[in-house]
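What follows is input33.txt (compact mmCIF, C-alpha atoms).
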```txt
# COMPACT_ATOMS: atom_id res chain seq x y z
CA MET A 1 115.14 209.94 -20.01
CA VAL A 2 112.12 209.12 -17.90
CA GLU A 3 112.36 210.25 -14.30
CA SER A 4 112.36 207.51 -11.70
CA GLY A 5 108.84 206.61 -10.61
CA LYS A 6 107.17 208.26 -13.59
CA LYS A 7 105.51 206.37 -16.41
CA THR A 8 106.04 207.33 -20.02
CA PRO A 9 102.75 208.88 -21.19
CA PRO A 10 100.93 207.08 -24.01
CA ARG A 11 101.41 208.41 -27.51
CA PRO A 12 98.47 209.93 -29.38
CA LEU A 13 96.85 207.52 -31.81
CA PRO A 14 96.13 208.36 -35.47
CA ARG A 15 93.25 210.83 -35.57
CA GLY A 16 89.95 209.45 -36.79
CA SER A 17 91.31 205.91 -37.13
CA LEU A 18 89.60 202.68 -36.13
CA ARG A 19 92.77 201.79 -34.20
CA ARG A 20 92.30 204.89 -32.06
CA SER A 21 88.65 204.00 -31.37
CA VAL A 22 89.55 200.43 -30.37
CA ALA A 23 92.39 201.59 -28.10
CA LEU A 24 90.16 204.12 -26.35
CA PHE A 25 87.46 201.51 -25.86
CA ARG A 26 89.97 199.07 -24.37
CA ALA A 27 91.21 201.76 -22.02
CA PHE A 28 87.63 202.58 -21.11
CA LEU A 29 87.03 198.95 -20.06
CA VAL A 30 89.68 199.27 -17.32
CA GLU A 31 88.51 202.63 -15.94
CA GLN A 32 87.66 201.06 -12.57
CA THR A 33 90.55 198.57 -12.33
CA ASP A 34 93.38 200.62 -13.89
CA PRO A 35 92.40 204.30 -13.72
CA ASP A 36 95.99 205.41 -14.39
CA ARG A 37 95.95 203.74 -17.80
CA PHE A 38 92.46 204.98 -18.64
CA TYR A 39 92.88 208.62 -17.65
CA SER A 40 96.41 208.93 -19.05
CA THR A 41 95.25 207.57 -22.40
CA LEU A 42 92.16 209.77 -22.45
CA ALA A 43 94.08 212.91 -21.47
CA VAL A 44 96.75 212.49 -24.15
CA ASP A 45 94.12 211.77 -26.78
CA SER A 46 92.01 214.74 -25.67
CA VAL A 47 94.91 217.18 -25.97
CA ALA A 48 95.77 215.80 -29.41
CA GLU A 49 92.16 216.50 -30.42
CA VAL A 50 92.26 220.07 -29.05
CA LEU A 51 95.41 220.69 -31.08
CA ARG A 52 93.35 220.08 -34.21
CA TRP A 53 91.38 223.25 -33.48
CA THR A 54 93.84 225.60 -31.80
CA PRO A 55 97.54 225.86 -30.92
CA LEU A 56 98.30 225.29 -27.25
CA ARG A 57 101.85 226.48 -26.78
CA GLY A 58 101.62 229.53 -24.54
CA ALA A 59 97.81 229.37 -24.44
CA SER A 60 95.93 229.71 -21.16
CA VAL A 61 93.65 226.70 -20.55
CA VAL A 62 91.06 226.15 -17.84
CA ASP A 63 89.84 222.59 -17.41
CA ILE A 64 86.59 222.11 -15.52
CA GLY A 65 86.58 218.69 -13.87
CA GLY A 66 90.31 218.24 -14.34
CA GLY A 67 90.56 215.66 -11.58
CA PRO A 68 93.88 214.56 -10.07
CA GLY A 69 96.24 215.84 -12.77
CA TYR A 70 96.25 213.57 -15.81
CA PHE A 71 94.87 216.33 -18.02
CA ALA A 72 97.21 218.86 -16.42
CA ASP A 73 100.19 216.71 -17.41
CA ALA A 74 98.98 216.36 -20.99
CA PHE A 75 98.12 220.04 -21.51
CA GLU A 76 101.36 221.22 -19.94
CA ALA A 77 103.34 218.79 -22.11
CA ALA A 78 101.77 220.55 -25.10
CA GLY A 79 103.04 223.91 -23.80
CA ALA A 80 99.78 225.26 -22.36
CA ARG A 81 99.45 227.34 -19.20
CA TYR A 82 96.98 225.13 -17.36
CA ALA A 83 94.55 225.65 -14.49
CA GLY A 84 92.17 222.94 -13.26
CA ILE A 85 88.87 223.45 -11.44
CA GLU A 86 87.47 220.36 -9.74
CA PRO A 87 84.35 220.23 -7.52
CA ASP A 88 85.14 216.85 -5.92
CA VAL A 89 87.92 216.87 -3.33
CA GLY A 90 88.20 213.09 -3.70
CA GLU A 91 89.01 213.49 -7.39
CA LEU A 92 91.58 216.18 -6.65
CA THR A 93 93.56 213.80 -4.45
CA ALA A 94 92.95 210.55 -6.36
CA ARG A 95 96.67 210.20 -7.15
CA GLY A 96 97.66 210.89 -3.56
CA HIS A 97 98.20 214.62 -3.89
CA VAL A 98 96.60 217.69 -5.46
CA GLY A 99 98.11 218.54 -8.83
CA GLY A 100 99.72 221.89 -9.45
CA ASN A 101 97.54 224.90 -10.25
CA ALA A 102 94.30 223.12 -9.36
CA VAL A 103 91.54 224.43 -7.14
CA ARG A 104 88.23 223.16 -5.86
CA GLY A 105 85.32 224.97 -7.48
CA SER A 106 82.01 224.55 -9.26
CA GLY A 107 81.46 224.48 -13.00
CA LEU A 108 78.20 226.34 -12.36
CA ALA A 109 80.04 229.39 -10.95
CA LEU A 110 83.60 229.49 -12.22
CA PRO A 111 86.00 231.58 -10.10
CA LEU A 112 87.33 233.41 -13.18
CA ALA A 113 86.79 236.80 -14.77
CA ASP A 114 85.01 237.23 -18.09
CA GLY A 115 87.25 236.49 -21.08
CA ALA A 116 90.09 235.27 -18.87
CA VAL A 117 91.38 232.29 -20.88
CA ASP A 118 92.19 231.19 -24.42
CA VAL A 119 90.66 227.71 -24.08
CA ALA A 120 87.87 226.48 -21.80
CA TYR A 121 87.79 222.69 -21.69
CA SER A 122 85.60 220.16 -19.92
CA SER A 123 85.50 216.38 -20.25
CA ASN A 124 82.59 214.37 -18.83
CA VAL A 125 81.24 216.87 -16.33
CA LEU A 126 77.98 218.10 -17.90
CA GLU A 127 76.12 214.94 -16.89
CA HIS A 128 77.13 215.55 -13.27
CA VAL A 129 75.53 218.98 -12.85
CA PRO A 130 71.79 219.70 -12.54
CA SER A 131 71.95 222.59 -15.03
CA PRO A 132 74.25 221.73 -17.96
CA GLU A 133 73.20 224.83 -19.91
CA ARG A 134 74.34 227.04 -17.04
CA MET A 135 77.73 225.31 -16.99
CA ALA A 136 78.07 225.68 -20.75
CA ASP A 137 77.26 229.40 -20.38
CA GLU A 138 80.02 229.67 -17.78
CA LEU A 139 82.59 228.18 -20.15
CA LEU A 140 81.57 230.69 -22.79
CA ARG A 141 81.79 233.52 -20.28
CA VAL A 142 85.37 232.85 -19.21
CA VAL A 143 86.86 232.33 -22.68
CA ARG A 144 88.05 235.38 -24.59
CA PRO A 145 86.51 236.45 -27.92
CA GLY A 146 88.19 234.28 -30.53
CA GLY A 147 88.94 231.64 -27.93
CA LEU A 148 87.83 228.03 -27.94
CA VAL A 149 85.34 226.04 -25.87
CA VAL A 150 85.55 222.23 -25.97
CA LEU A 151 82.78 220.49 -24.09
CA SER A 152 82.17 216.74 -23.94
CA TRP A 153 79.71 214.59 -22.02
CA THR A 154 78.04 211.17 -21.94
CA PRO A 155 74.44 211.36 -23.20
CA TRP A 156 72.00 209.71 -20.80
CA LEU A 157 70.73 207.11 -23.26
CA SER A 158 74.19 205.97 -24.34
CA PRO A 159 75.34 202.51 -23.15
CA TRP A 160 77.37 204.17 -20.38
CA GLY A 161 74.82 206.87 -19.55
CA GLY A 162 74.24 205.40 -16.10
CA HIS A 163 78.00 205.05 -15.51
CA GLU A 164 78.59 202.25 -13.01
CA THR A 165 74.83 201.60 -12.79
CA ALA A 166 74.59 200.93 -16.55
CA PRO A 167 72.79 199.32 -18.32
CA TRP A 168 70.07 199.38 -15.66
CA HIS A 169 69.64 203.14 -16.16
CA TYR A 170 67.49 202.25 -19.17
CA LEU A 171 64.86 201.20 -16.61
CA GLY A 172 65.20 204.51 -14.75
CA GLY A 173 68.09 206.33 -13.11
CA ARG A 174 66.79 206.11 -9.54
CA ARG A 175 65.92 202.45 -9.92
CA ALA A 176 69.40 201.71 -11.28
CA ALA A 177 71.07 203.55 -8.38
CA ASP A 178 68.91 201.76 -5.82
CA ARG A 179 69.73 198.41 -7.41
CA TYR A 180 73.44 199.21 -7.21
CA ALA A 181 73.12 200.18 -3.53
CA ALA A 182 71.28 196.94 -2.73
CA ARG A 183 73.95 194.85 -4.43
CA HIS A 184 77.03 196.66 -3.14
CA GLY A 185 75.91 197.96 0.24
CA ARG A 186 76.63 201.59 -0.68
CA ARG A 187 75.29 204.26 -2.97
CA PRO A 188 77.04 204.55 -6.35
CA LYS A 189 79.53 207.35 -6.79
CA ASN A 190 77.40 208.51 -9.72
CA ASP A 191 74.08 208.56 -7.89
CA PHE A 192 71.15 209.63 -10.09
CA GLY A 193 69.60 212.88 -8.93
CA ARG A 194 72.57 213.72 -6.71
CA SER A 195 75.80 213.38 -8.69
CA LEU A 196 74.46 212.14 -12.03
CA PHE A 197 71.74 213.66 -14.20
CA ALA A 198 70.08 212.90 -17.53
CA CYS A 199 71.81 215.18 -20.04
CA SER A 200 70.75 214.31 -23.58
CA ALA A 201 72.48 215.23 -26.83
CA GLY A 202 69.25 216.90 -27.98
CA ARG A 203 69.16 219.13 -24.91
CA MET A 204 72.66 220.49 -25.54
CA MET A 205 71.98 220.87 -29.26
CA ARG A 206 69.04 223.13 -28.36
CA TRP A 207 71.36 225.20 -26.16
CA LEU A 208 73.88 225.35 -29.00
CA ARG A 209 71.30 226.57 -31.50
CA ALA A 210 70.22 229.30 -29.08
CA VAL A 211 73.72 230.71 -28.46
CA GLU A 212 74.56 230.42 -32.15
CA ALA A 213 71.38 232.35 -33.04
CA ASP A 214 72.43 235.06 -30.58
CA GLY A 215 75.71 235.43 -32.47
CA ALA A 216 77.75 234.42 -29.43
CA VAL A 217 79.58 231.48 -31.01
CA GLU A 218 80.80 229.97 -34.23
CA VAL A 219 80.38 226.20 -34.35
CA VAL A 220 83.71 224.59 -35.20
CA GLU A 221 82.69 220.94 -34.92
CA VAL A 222 80.11 218.65 -33.35
CA LEU A 223 81.14 215.02 -33.19
CA PRO A 224 81.01 211.71 -31.33
CA ARG A 225 84.23 211.72 -29.34
CA TYR A 226 85.52 208.18 -29.73
CA HIS A 227 84.29 207.26 -33.21
CA PRO A 228 86.42 206.86 -36.35
CA TRP A 229 85.95 209.55 -38.99
CA TRP A 230 83.56 207.46 -41.11
CA ALA A 231 81.10 207.04 -38.20
CA LYS A 232 80.84 210.70 -37.21
CA TRP A 233 77.54 211.06 -39.06
CA VAL A 234 75.70 209.50 -36.08
CA ILE A 235 75.86 212.80 -34.17
CA ARG A 236 73.68 214.43 -36.83
CA VAL A 237 70.77 212.00 -36.48
CA PRO A 238 68.29 212.88 -33.70
CA GLY A 239 67.35 209.90 -31.59
CA LEU A 240 70.12 207.70 -32.95
CA ARG A 241 72.81 209.97 -31.55
CA GLU A 242 71.42 209.58 -28.04
CA VAL A 243 72.37 205.90 -28.06
CA LEU A 244 75.22 205.58 -30.56
CA SER A 245 77.33 208.69 -30.03
CA TRP A 246 78.52 207.27 -26.67
CA ASN A 247 80.22 210.59 -25.87
CA ALA A 248 79.31 213.87 -27.56
CA VAL A 249 81.60 216.85 -28.17
CA LEU A 250 80.85 220.48 -28.94
CA VAL A 251 83.71 222.61 -30.25
CA LEU A 252 82.87 226.32 -30.31
CA ARG A 253 84.69 229.55 -30.99
CA ARG A 254 83.47 232.55 -29.04
CA VAL A 255 82.56 235.46 -31.29
CA THR A 256 81.53 238.20 -28.84
```

In structure tokens, what does this structure look like?
Amino acid sequence: MVESGKKTPPRPLPRGSLRRSVALFRAFLVEQTDPDRFYSTLAVDSVAEVLRWTPLRGASVVDIGGGPGYFADAFEAAGARYAGIEPDVGELTARGHVGGNAVRGSGLALPLADGAVDVAYSSNVLEHVPSPERMADELLRVVRPGGLVVLSWTPWLSPWGGHETAPWHYLGGRRAADRYAARHGRRPKNDFGRSLFACSAGRMMRWLRAVEADGAVEVVEVLPRYHPWWAKWVIRVPGLREVLSWNAVLVLRRVT
């Protein structure tokens, strides 16, 4: 039975299917107007994806950029012991209250000991920090040897790279943000140079090659997050992946 006042969470869609891709895109279109639908759908889908790579029942999970609790609900429903770290107090309280086991903190300096968790997860945060490599290093630091890091972000040159200022970011991030401010009378939430930065797929692939060469990680999978299985090849093509991957994902297992 569903408790009064609570919505039944969406069911995971078939992995790698075109139906899943279409449903995620439709949810994405209502991010601004119906955030509950968008974030609930994304969280349930994200946890279903993580379950492809590691069991979650009893696992300790830290989620950087966990927001107001949608991801907490989905991870806890899968049996994980969840902790969320969110830098934006507005995001923490977006559903009217702070979710359980969530704290305000920075992805560039995680308040966790080395090797503290089984899974370090982050969805769409890398493009919001000035040093994405440093944040990726932090996720590696806090996961135990043998543990999993799942890191996704929106490449700058993707159609949504400028977030609410898209597609004008193709003419320059600052210009797009200024245009938004002139039209709406306020700076965008994702303001280029302040809360949004150009994080390319190529840049993170260079970081990945470096940590892999050091023997720190085993690469489990690199993929475009929302694509059906037959379109995953786009992430392997330099240049093309910057535009067509839409959202890139690195799945890594810490070795040392």

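Considering the residues A:Trp53, A:Tyr39, A:Trp160, A:Phe192 and counting only C-alpha atoms, Phe71 (chain A) has its shortest atom-to-atom contact with A:Tyr39.
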
Around (93.8, 217.0, -34.2) in the file's frame, which residues reach within 12 Å when counting all atoms listed in the file? Return as a PDB file with C-alpha atoms, keeping the file's coordinate frame?
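Saved the output as result.pdb:
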```pdb
ATOM      1  CA  PRO A  12      98.470 209.930 -29.380  1.00  0.00           C
ATOM      2  CA  LEU A  13      96.850 207.520 -31.810  1.00  0.00           C
ATOM      3  CA  PRO A  14      96.130 208.360 -35.470  1.00  0.00           C
ATOM      4  CA  ARG A  15      93.250 210.830 -35.570  1.00  0.00           C
ATOM      5  CA  GLY A  16      89.950 209.450 -36.790  1.00  0.00           C
ATOM      6  CA  SER A  17      91.310 205.910 -37.130  1.00  0.00           C
ATOM      7  CA  VAL A  44      96.750 212.490 -24.150  1.00  0.00           C
ATOM      8  CA  ASP A  45      94.120 211.770 -26.780  1.00  0.00           C
ATOM      9  CA  SER A  46      92.010 214.740 -25.670  1.00  0.00           C
ATOM     10  CA  VAL A  47      94.910 217.180 -25.970  1.00  0.00           C
ATOM     11  CA  ALA A  48      95.770 215.800 -29.410  1.00  0.00           C
ATOM     12  CA  GLU A  49      92.160 216.500 -30.420  1.00  0.00           C
ATOM     13  CA  VAL A  50      92.260 220.070 -29.050  1.00  0.00           C
ATOM     14  CA  LEU A  51      95.410 220.690 -31.080  1.00  0.00           C
ATOM     15  CA  ARG A  52      93.350 220.080 -34.210  1.00  0.00           C
ATOM     16  CA  TRP A  53      91.380 223.250 -33.480  1.00  0.00           C
ATOM     17  CA  THR A  54      93.840 225.600 -31.800  1.00  0.00           C
ATOM     18  CA  PRO A  55      97.540 225.860 -30.920  1.00  0.00           C
ATOM     19  CA  LEU A  56      98.300 225.290 -27.250  1.00  0.00           C
ATOM     20  CA  GLU A 221      82.690 220.940 -34.920  1.00  0.00           C
ATOM     21  CA  ARG A 225      84.230 211.720 -29.340  1.00  0.00           C
ATOM     22  CA  TRP A 229      85.950 209.550 -38.990  1.00  0.00           C
TER      23      TRP A 229
END
```

**Item:** Coordinates-based distance that separates CA of Asp114 (chain A) from CA of Asp63 (chain A) (Å, one decimal)
**Value:** 15.4 Å

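Of the residues listed (A:Lys232, A:Arg104, A:Arg241, A:His163), A:His163 shows the shortest atom-to-atom separation from Tyr180 (chain A); distances use all atoms listed in the file.
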
**Prompt:** Which residue gives the smallest distance to Tyr70 (chain A) among A:Glu86, A:Asp36, A:Asp118, A:Asp214, with all atoms listed in the file counted?
**Reply:** A:Asp36

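CA of Gly66 (chain A) is positioned 13.5 Å from CA of His128 (chain A).
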
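What separates CA of Arg186 (chain A) from CA of Glu31 (chain A) is a distance of 19.4 Å.
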
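Among the candidates A:Val222, A:Ala176, A:Leu112, A:Leu157, the residue lying nearest to Ile64 (chain A) is A:Leu112 (atoms considered: only C-alpha atoms).
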
**Message:** Under the rule that only C-alpha atoms are counted, which of A:Ile235, A:Val217, A:Ala102, A:Arg141 is the nearest residue to Asp73 (chain A)?
**Reply:** A:Ala102

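Proximity to Leu151 (chain A) was assessed for A:Ala181, A:Ala43, A:Val119, A:Val255 counting all atoms listed in the file; the smallest distance is recorded for A:Val119.
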
Neighbours of point (73.6, 207.1, -12.2) within 6 Å, using only C-alpha atoms, written as a tab-separated table (two decimals) with C-alpha atoms, keeping the file's coordinate frame:
```
chain	number	residue	atom	x	y	z
A	162	GLY	CA	74.24	205.40	-16.10
A	163	HIS	CA	78.00	205.05	-15.51
A	165	THR	CA	74.83	201.60	-12.79
A	173	GLY	CA	68.09	206.33	-13.11
A	177	ALA	CA	71.07	203.55	-8.38
A	190	ASN	CA	77.40	208.51	-9.72
A	191	ASP	CA	74.08	208.56	-7.89
A	192	PHE	CA	71.15	209.63	-10.09
A	196	LEU	CA	74.46	212.14	-12.03
```
